[in-house]
Amino acid sequence: MTQDASGAGTAAAGTTLIIPGEMAARVDRLPRSWMAWEICLIVQVGWAIAASTDGIAARLYPYVWLPAKTVTHSQYDVLYAFQAGISIVIGGYAIGWLADKIGRRKALIISAALAGVFIWPFAYVTSYPALIVLSIADTLGFAGFLAINVVYMSEIMGPSVRPRVMMISQVSAIFVLGAILTGIIPHYWFPAQYRQYLWLLAGLNIAIAVLLFFRMPESPRWLEARERRDQARQVVERMEARVMKKHPVLPEPDVSPYQVVAEEKTSWLAPFGKQYAAVTILLLVVMALGYAGIVYGGASQAFLFLSLTRGYSAGFVFALTAWSSVVSSIVYLLNAFVGDRFERRWVQLAGAILFAGGWWGVYEVHNTPGM
C-alpha cells in the first residue's frame, strides 16, 4: 500500500505549515463499497434516533401534559423553544467545538449518549423548572449530530462516492425518524404507554452509542490535519483492506491536489467580511425564516391543531405522521437520484415552494372535512 508522505513542510517564507494530505488522497480514491454504506447508515440512523428526542414536548403536551394540567400552553411554547431552538444552538456550538478537539468519533458517541441519558426522565418529571432544565439537556445530543454527521461523512468518503451514498442514507434516516419513531410506534403506544416509548428512545440512543464505538472509524482527515499521521495511516489501511475484499486493485492516490496550507486561526467575524457579507446575511435571513416556518410554525403547533382544534385522536395523528413521512421519503429518494443534475439553490427553491404550497393548502381546507 502507499506509504505516508515525508511530513509537513515549510513554505518559502518559513512560517506557513503545509499538510501533505496523503491520507485524504488515499480515502478519496476508494470506490463505493459496503464500508461506505455501513458507516453512513449507522451515522444517519443515529441522527434519526437522536432527532426523535428533539421537540419531545410536541408529542407529550397534547396527550399527556395537557390532560394532566402539568403545564400551560404558554409554558409548553417555552419548553419547545428550549428544545428545538436554544438547546440546538448551545449543543451545536459546544459539541461541534468538542469534535474539533477530541475527534468526530468521540463527539458522536457522546452525542448519542446524551440523547439517551436525558430523554427518559420526561416520563416522570412534572416540575416546570425541572422540565426546562431537561429540555436544554435533552436536545444537546441531537445538536451534536447536526453539527458533526455531515462533516464526518464528507471526510470519510471521496467526492465521487459521497453524494449518492449520503443522500440515500439520509432517505433511510427520514423514514426511520418520521414513519417509525414518530409515527408507527407512538400510533400504538400513545398516550397509554408513553413512558415505554420514552424508555425505548433512551435505549435506542444508547445502542447507537455502542454501535458507533465498535464500528465507526475516526476521520483520517481529522487525524492528519492534527499531525497524528500514524493513527491516520492505521485507519486508512483498515479502510483499504475492507474495500479491497471486493476491489483488489486500487488506483494510486494523487497527493498533489490535497496539500493544504494551514493558515493562522480565522476570526469568527470572517463570514461578515467584505467578500462574504452579502451571502452570509442572505443565508441568515433565509435560515431564520425557513427554520421558523418549518420548526416553530409547523412542528410546534401541528399536533395541537389536529388534536384540539380538529378533534383527531392520537392514533390518527401519529398515523398521519407516518404516512406523510413515507411520502417525504419517496420525494427525498427521487431527489437523491436526480438532485445532482441541478444546482443546490434550485433544489432548495423547489423545496421551499413545495413546503409553502403545502401550508397554503392546509390553510385553505383547515375548516373543511378535507382537512
# chains A, B, ... in the order shown; residues from 1 in each chain; ligands from 1
$ select_by_dssp --residues "region 92-184 of chain A" --states "alpha helix (DSSP H)" --output "PyMOL selection string"
chain A and resi 92-102+104-117+128-138+140-156+162-174
$ closest_atom_pairs --of "region 101-131 of chain A" --to "region 209-217 of chain A" --cutoff "10 Å" --atoms "only C-alpha atoms" --output "JSON lines"
{"residue": "A:Arg104", "atom": "CA", "partner": "A:Pro217", "partner_atom": "CA", "distance": 9.1}
{"residue": "A:Arg105", "atom": "CA", "partner": "A:Met216", "partner_atom": "CA", "distance": 6.7}
{"residue": "A:Lys106", "atom": "CA", "partner": "A:Phe213", "partner_atom": "CA", "distance": 8.0}
{"residue": "A:Leu108", "atom": "CA", "partner": "A:Ala209", "partner_atom": "CA", "distance": 7.7}
{"residue": "A:Ile109", "atom": "CA", "partner": "A:Ala209", "partner_atom": "CA", "distance": 4.8}
{"residue": "A:Ile110", "atom": "CA", "partner": "A:Ala209", "partner_atom": "CA", "distance": 7.3}
{"residue": "A:Ser111", "atom": "CA", "partner": "A:Ala209", "partner_atom": "CA", "distance": 8.0}
{"residue": "A:Ala112", "atom": "CA", "partner": "A:Ala209", "partner_atom": "CA", "distance": 5.2}
{"residue": "A:Ala113", "atom": "CA", "partner": "A:Ala209", "partner_atom": "CA", "distance": 5.8}
{"residue": "A:Leu114", "atom": "CA", "partner": "A:Ala209", "partner_atom": "CA", "distance": 9.4}
{"residue": "A:Ala115", "atom": "CA", "partner": "A:Ala209", "partner_atom": "CA", "distance": 9.7}
{"residue": "A:Gly116", "atom": "CA", "partner": "A:Ala209", "partner_atom": "CA", "distance": 8.9}
$ closest_atom_pairs --of "region 264-334 of chain A" --to "region 75-94 of chain A" --cutoff "12 Å" --atoms "only C-alpha atoms" --output "CSV"
residue,atom,partner,partner_atom,distance
A:Ala288,CA,A:Gly85,CA,11.1
A:Tyr291,CA,A:Gly85,CA,9.4
A:Ala292,CA,A:Gly85,CA,9.7
A:Ile294,CA,A:Ala84,CA,11.2
A:Val295,CA,A:Ala84,CA,7.5
A:Tyr296,CA,A:Ala81,CA,8.0
A:Gly297,CA,A:Asp77,CA,11.4
A:Ala299,CA,A:Tyr80,CA,9.8
A:Ser300,CA,A:Tyr80,CA,7.0
A:Gln301,CA,A:Asp77,CA,9.1
A:Leu304,CA,A:Tyr76,CA,10.9
$ closest_residue --among "A:Gln170, A:Gln44, A:Trp65, A:Thr126" --to "Leu333 (chain A)" --atoms "only C-alpha atoms"
A:Gln170
$ residues_around --residues "Val125 (chain A)" --least-positions-apart "5" --cutoff "10 Å" --atoms "only C-alpha atoms" --output "MDAnalysis selection string"
chainID A and resid 70 120 130:131 134
$ write_last_selection --atoms "C-alpha atoms" --output "tab-separated table (two decimals), in the first residue's frame"
chain	number	residue	atom	x	y	z
A	70	THR	CA	-48.89	19.64	34.06
A	120	TRP	CA	-36.25	9.04	29.79
A	130	ALA	CA	-37.05	20.76	36.04
A	131	LEU	CA	-38.67	20.33	32.62
A	134	LEU	CA	-34.32	18.69	30.89
$ decode --residues "region 69-101 of chain A" --atoms "N, CA and C atoms" --output "PDB file, in the first residue's frame"
ATOM      1  N   LYS A  69     -52.886  18.615  33.197  1.00  0.00           N
ATOM      2  CA  LYS A  69     -52.656  20.004  33.611  1.00  0.00           C
ATOM      3  C   LYS A  69     -51.254  20.197  34.198  1.00  0.00           C
ATOM      4  N   THR A  70     -50.275  19.518  33.608  1.00  0.00           N
ATOM      5  CA  THR A  70     -48.888  19.635  34.060  1.00  0.00           C
ATOM      6  C   THR A  70     -48.303  20.995  33.712  1.00  0.00           C
ATOM      7  N   VAL A  71     -48.544  21.446  32.481  1.00  0.00           N
ATOM      8  CA  VAL A  71     -48.051  22.752  32.029  1.00  0.00           C
ATOM      9  C   VAL A  71     -49.167  23.451  31.259  1.00  0.00           C
ATOM     10  N   THR A  72     -49.047  24.769  31.166  1.00  0.00           N
ATOM     11  CA  THR A  72     -49.995  25.554  30.373  1.00  0.00           C
ATOM     12  C   THR A  72     -49.497  25.643  28.931  1.00  0.00           C
ATOM     13  N   HIS A  73     -50.334  26.218  28.072  1.00  0.00           N
ATOM     14  CA  HIS A  73     -49.948  26.344  26.669  1.00  0.00           C
ATOM     15  C   HIS A  73     -48.724  27.233  26.516  1.00  0.00           C
ATOM     16  N   SER A  74     -48.693  28.349  27.220  1.00  0.00           N
ATOM     17  CA  SER A  74     -47.533  29.238  27.111  1.00  0.00           C
ATOM     18  C   SER A  74     -46.272  28.572  27.655  1.00  0.00           C
ATOM     19  N   GLN A  75     -46.414  27.790  28.714  1.00  0.00           N
ATOM     20  CA  GLN A  75     -45.254  27.064  29.240  1.00  0.00           C
ATOM     21  C   GLN A  75     -44.777  26.013  28.240  1.00  0.00           C
ATOM     22  N   TYR A  76     -45.716  25.377  27.566  1.00  0.00           N
ATOM     23  CA  TYR A  76     -45.331  24.428  26.518  1.00  0.00           C
ATOM     24  C   TYR A  76     -44.528  25.118  25.430  1.00  0.00           C
ATOM     25  N   ASP A  77     -44.971  26.302  24.988  1.00  0.00           N
ATOM     26  CA  ASP A  77     -44.249  27.029  23.948  1.00  0.00           C
ATOM     27  C   ASP A  77     -42.819  27.328  24.376  1.00  0.00           C
ATOM     28  N   VAL A  78     -42.626  27.666  25.641  1.00  0.00           N
ATOM     29  CA  VAL A  78     -41.281  27.931  26.147  1.00  0.00           C
ATOM     30  C   VAL A  78     -40.446  26.656  26.150  1.00  0.00           C
ATOM     31  N   LEU A  79     -41.029  25.561  26.618  1.00  0.00           N
ATOM     32  CA  LEU A  79     -40.302  24.280  26.624  1.00  0.00           C
ATOM     33  C   LEU A  79     -39.889  23.873  25.212  1.00  0.00           C
ATOM     34  N   TYR A  80     -40.805  24.045  24.274  1.00  0.00           N
ATOM     35  CA  TYR A  80     -40.481  23.677  22.890  1.00  0.00           C
ATOM     36  C   TYR A  80     -39.370  24.561  22.339  1.00  0.00           C
ATOM     37  N   ALA A  81     -39.403  25.851  22.679  1.00  0.00           N
ATOM     38  CA  ALA A  81     -38.350  26.755  22.221  1.00  0.00           C
ATOM     39  C   ALA A  81     -36.994  26.352  22.775  1.00  0.00           C
ATOM     40  N   PHE A  82     -36.960  25.925  24.048  1.00  0.00           N
ATOM     41  CA  PHE A  82     -35.698  25.450  24.621  1.00  0.00           C
ATOM     42  C   PHE A  82     -35.226  24.193  23.898  1.00  0.00           C
ATOM     43  N   GLN A  83     -36.140  23.273  23.605  1.00  0.00           N
ATOM     44  CA  GLN A  83     -35.754  22.005  22.994  1.00  0.00           C
ATOM     45  C   GLN A  83     -35.314  22.168  21.545  1.00  0.00           C
ATOM     46  N   ALA A  84     -36.113  22.849  20.750  1.00  0.00           N
ATOM     47  CA  ALA A  84     -35.863  22.923  19.318  1.00  0.00           C
ATOM     48  C   ALA A  84     -35.056  24.141  18.897  1.00  0.00           C
ATOM     49  N   GLY A  85     -34.753  25.035  19.840  1.00  0.00           N
ATOM     50  CA  GLY A  85     -34.033  26.246  19.489  1.00  0.00           C
ATOM     51  C   GLY A  85     -32.784  26.468  20.315  1.00  0.00           C
ATOM     52  N   ILE A  86     -32.967  26.843  21.572  1.00  0.00           N
ATOM     53  CA  ILE A  86     -31.839  27.254  22.408  1.00  0.00           C
ATOM     54  C   ILE A  86     -30.861  26.103  22.631  1.00  0.00           C
ATOM     55  N   SER A  87     -31.382  24.917  22.940  1.00  0.00           N
ATOM     56  CA  SER A  87     -30.505  23.773  23.169  1.00  0.00           C
ATOM     57  C   SER A  87     -29.747  23.381  21.905  1.00  0.00           C
ATOM     58  N   ILE A  88     -30.391  23.517  20.748  1.00  0.00           N
ATOM     59  CA  ILE A  88     -29.733  23.206  19.479  1.00  0.00           C
ATOM     60  C   ILE A  88     -28.536  24.130  19.263  1.00  0.00           C
ATOM     61  N   VAL A  89     -28.731  25.416  19.539  1.00  0.00           N
ATOM     62  CA  VAL A  89     -27.638  26.373  19.366  1.00  0.00           C
ATOM     63  C   VAL A  89     -26.488  26.063  20.326  1.00  0.00           C
ATOM     64  N   ILE A  90     -26.830  25.833  21.610  1.00  0.00           N
ATOM     65  CA  ILE A  90     -25.789  25.534  22.607  1.00  0.00           C
ATOM     66  C   ILE A  90     -25.050  24.253  22.244  1.00  0.00           C
ATOM     67  N   GLY A  91     -25.811  23.197  21.962  1.00  0.00           N
ATOM     68  CA  GLY A  91     -25.184  21.910  21.660  1.00  0.00           C
ATOM     69  C   GLY A  91     -24.405  21.923  20.361  1.00  0.00           C
ATOM     70  N   GLY A  92     -24.939  22.610  19.346  1.00  0.00           N
ATOM     71  CA  GLY A  92     -24.237  22.669  18.069  1.00  0.00           C
ATOM     72  C   GLY A  92     -22.872  23.315  18.203  1.00  0.00           C
ATOM     73  N   TYR A  93     -22.806  24.424  18.908  1.00  0.00           N
ATOM     74  CA  TYR A  93     -21.521  25.093  19.099  1.00  0.00           C
ATOM     75  C   TYR A  93     -20.606  24.294  20.024  1.00  0.00           C
ATOM     76  N   ALA A  94     -21.149  23.836  21.146  1.00  0.00           N
ATOM     77  CA  ALA A  94     -20.308  23.171  22.147  1.00  0.00           C
ATOM     78  C   ALA A  94     -19.767  21.836  21.629  1.00  0.00           C
ATOM     79  N   ILE A  95     -20.645  20.992  21.085  1.00  0.00           N
ATOM     80  CA  ILE A  95     -20.186  19.675  20.639  1.00  0.00           C
ATOM     81  C   ILE A  95     -19.443  19.783  19.318  1.00  0.00           C
ATOM     82  N   GLY A  96     -19.815  20.761  18.476  1.00  0.00           N
ATOM     83  CA  GLY A  96     -19.035  20.995  17.268  1.00  0.00           C
ATOM     84  C   GLY A  96     -17.603  21.391  17.604  1.00  0.00           C
ATOM     85  N   TRP A  97     -17.450  22.276  18.605  1.00  0.00           N
ATOM     86  CA  TRP A  97     -16.114  22.654  19.073  1.00  0.00           C
ATOM     87  C   TRP A  97     -15.383  21.441  19.647  1.00  0.00           C
ATOM     88  N   LEU A  98     -16.108  20.627  20.416  1.00  0.00           N
ATOM     89  CA  LEU A  98     -15.501  19.444  21.010  1.00  0.00           C
ATOM     90  C   LEU A  98     -15.030  18.464  19.941  1.00  0.00           C
ATOM     91  N   ALA A  99     -15.793  18.342  18.847  1.00  0.00           N
ATOM     92  CA  ALA A  99     -15.421  17.425  17.770  1.00  0.00           C
ATOM     93  C   ALA A  99     -14.099  17.820  17.124  1.00  0.00           C
ATOM     94  N   ASP A 100     -13.796  19.104  17.094  1.00  0.00           N
ATOM     95  CA  ASP A 100     -12.514  19.550  16.563  1.00  0.00           C
ATOM     96  C   ASP A 100     -11.373  19.280  17.532  1.00  0.00           C
ATOM     97  N   LYS A 101     -11.704  19.159  18.817  1.00  0.00           N
ATOM     98  CA  LYS A 101     -10.667  18.943  19.825  1.00  0.00           C
ATOM     99  C   LYS A 101     -10.366  17.466  20.060  1.00  0.00           C
TER     100      LYS A 101
END
